[in-house]
Amino acid sequence: MFQAIRQLSILNRLFNVNGSEWPRIGYAWILRFLYRSSFVIGWTVLVGMFVTKYGIISLPYLFILNAIFSIIGSVLYSVLQNRFERKNLMIVTVFISGVLLLIANLFFASNDKVFFALLIVTVGLFLTQLKIILNAYLEEFFTSLQSERTFPLIESAETIGGILAGLVVFSFSNLFSVFSFMYLWIGLLVFMVPLILWHKDFDQVIHLTSESNEDDSNGLFSDIKKILSRKDFGTYFSGLISVVLFQWLIFNLLEFQYTKAVYSNVSGVILEAGSGFEHAFIHDLGILFVVFSTSSLIIQFFLGSRIINYLGIVGSLLLHPLVTLFSLLGLTAHFNFDTAVLAKNNFTMSSVIHTNAYHISYYALKEDFRERIREFLEGVIRPVGAIIGTLLLIVLQNLLRGNELIFSINVLMVFATAALFYVTYKQQDKYTQIVINDLLQGQDIQIKRNALDVLAQRGHKISIKVLRGILFNQNELTSLRIRALRALAAPQDQNTILDIVKCFDDKNIYIRNASLDVLISNKPFCAIRKENLYLKYLLINSLKKLYGREKD
């Protein structure tokens, strides 16, 4: 028994999570795994068959069609989400997706237009919405602070799902027909249904009190217009729109360049060997996806949560465009198969941090607005970014050829990435300010607690004065004062020792106890640098006095 406890403790430290979080992590992990593995198999088969049938020059049109149906799905599901529970919507979405794929495979395998139309509708309209609803569904199981540690580990489910799906495609692409993978795609989706039905209401599920009534909704775009007009977080939301827009514009441009590099490489091999192109192309896409996913898995398992804890949310968001920028500079200088694969790999790895930080940032938004904002960003702005990127590709394809086209696309990606970095950098102060507004102006206790949890993240430079105001306000609720103390100490800045020492003299015994808990749980406080020996003296002397007079 003790050996098992020790092993669990080691796992907790290794993955940077708490023992009580494992059931929720496991539940979320399996659902994400099933979704991602099914999607990777489906998208790989769709891209491989489409490019084989219509050529690499037609790939941008696939991107545009997928994006258009994503927007249609967002408008449709924005109405449905107000009327049905998430669980029921996910089950119906899985059922419809499975039926469409089955119909396409059984009755329209020889009719290319109808076959591809059904696949694109399934992926763009239904599976995109399934991902959006699933993210919102799983977000409820964690607070903002818990999400910093748990989301990278949960995200690893998508990476492992991608690895296994890539291995399946890589291993069996020469043994089975491409249409056979459709049944595996359907099966993995269907396996999600029993898990969704087996829903466990975890004690830690958090719901913030809404400040508006969902029944007052006038439609997705009307609601978004109202949200943008709000002074408290309209500017932050507009910044998020720009971040998502640039992110997916870059993704589609890079996806095209990478696919083109693989296509050219496979074409050269096929000309020499004379084997089947479709199988070879899907084979290479599958094995490269495994490589990218393996790189990402290392980040998710061992570095993701620690990087987010250390850099903060906006700092973690900035890491992605910075890494991508250096990769694209190398791709621009010398475009070939190796540099394209390297750029794609670096983009995928840094996207792990970016994706988790992006989803964690939703905790700064009021819960009654989150659904609309998520639906708009993921279901509208994301495909709009893809459409803009793809339209730019089509325009460049009509104006340029050969190396000039490749160079122009690479330069365009460099400028878009620089713009993404700038827009993200400007988000930090806005991010802090909307949380402070919730803390100071919010009437609901749970909203204030959530705001204090968000302010415990690194990067909130202007929040210290506000946190101290809450901490040393004797009229404030004790639970909020304790959260403010923990938020002050979370960055593990030794200057916080002065605030902890001041809490030793507080009238409230719970504040005095909390100050000791915060002190002992932050190791940097116990390793004071030589240049701060006065702090060490002050701390030890204050602890002696506290010990001498404390009756507890």
# chains A, B, ... in the order shown; residues from 1 in each chain; ligands from 1
>>> residues_around(residues="Ala386 (chain A)", least_positions_apart="4", cutoff="10 Å", atoms="only C-alpha atoms", output="list in words")
Pro60, Phe63, Ile64, Asn66, Ala67, Ile68, Leu245, Phe246, Gln247, Trp248, Leu249, Ile250, Phe251, Asn252, Leu253, Val380, Ile381, Arg382, Thr390, Leu391 and Leu392 of chain A
>>> residues_around(residues="Gly315 (chain A)", least_positions_apart="3", cutoff="10 Å", atoms="only C-alpha atoms", output="ChimeraX atom specification")
/A:307-312,318-320,354,357,424-425,427-428,458-459
>>> closest_residue(among="A:Val114, A:Leu100, A:Val341, A:Ile227", to="Tyr183 (chain A)", atoms="only C-alpha atoms")
A:Leu100
>>> residues_around(residues="Gly187 (chain A)", least_positions_apart="4", cutoff="12 Å", atoms="only C-alpha atoms", output="ChimeraX atom specification")
/A:34-35,37-39,41-42,94-95,97-99,101-102,180-183,191-193
>>> write_last_selection(atoms="C-alpha atoms", output="JSON list (two decimals), in the first residue's frame")
[["chain", "number", "residue", "atom", "x", "y", "z"],
["A", 34, "LEU", "CA", -10.80, 8.85, -29.30],
["A", 35, "TYR", "CA", -11.68, 12.10, -31.04],
["A", 37, "SER", "CA", -7.24, 9.41, -33.41],
["A", 38, "SER", "CA", -10.45, 9.24, -35.49],
["A", 39, "PHE", "CA", -9.89, 12.73, -36.88],
["A", 41, "ILE", "CA", -7.17, 8.94, -39.75],
["A", 42, "GLY", "CA", -10.06, 10.71, -41.47],
["A", 94, "VAL", "CA", -21.28, 11.45, -33.50],
["A", 95, "PHE", "CA", -24.32, 9.57, -34.82],
["A", 97, "SER", "CA", -21.09, 11.83, -38.64],
["A", 98, "GLY", "CA", -21.00, 8.04, -38.57],
["A", 99, "VAL", "CA", -24.07, 7.75, -40.80],
["A", 101, "LEU", "CA", -19.34, 8.41, -43.53],
["A", 102, "LEU", "CA", -21.04, 5.03, -43.85],
["A", 180, "SER", "CA", -11.10, 0.42, -45.35],
["A", 181, "PHE", "CA", -9.80, 3.17, -43.06],
["A", 182, "MET", "CA", -13.26, 4.73, -43.15],
["A", 183, "TYR", "CA", -14.65, 1.95, -40.94],
["A", 191, "PHE", "CA", -16.62, 4.52, -28.97],
["A", 192, "MET", "CA", -17.03, 8.05, -27.59],
["A", 193, "VAL", "CA", -20.76, 7.55, -27.00]]
>>> residues_around(residues="Tyr510 (chain A)", least_positions_apart="5", cutoff="9 Å", atoms="only C-alpha atoms", output="JSON, numbers by chain")
{"A": [478, 482, 515]}
>>> write_last_selection(atoms="C-alpha atoms", output="PDB file, in the first residue's frame")
ATOM      1  CA  THR A 478     -11.489  35.421   4.691  1.00  0.00           C
ATOM      2  CA  ILE A 482      -6.420  33.772   1.545  1.00  0.00           C
ATOM      3  CA  SER A 515       0.721  32.713   5.611  1.00  0.00           C
TER       4      SER A 515
END
>>> atom_distance(atom1="CA of Leu89 (chain A)", atom2="CA of Leu377 (chain A)")
19.3 Å
>>> closest_residue(among="A:Phe151, A:Tyr363, A:Phe237, A:Tyr258", to="Thr339 (chain A)", atoms="only C-alpha atoms")
A:Tyr258
>>> residues_around(residues="Leu288 (chain A)", least_positions_apart="2", cutoff="12 Å", atoms="only C-alpha atoms", output="ChimeraX atom specification")
/A:44,162-163,165-167,169-170,258-259,262,281-286,290-295,337-338,340-342,344-345,348
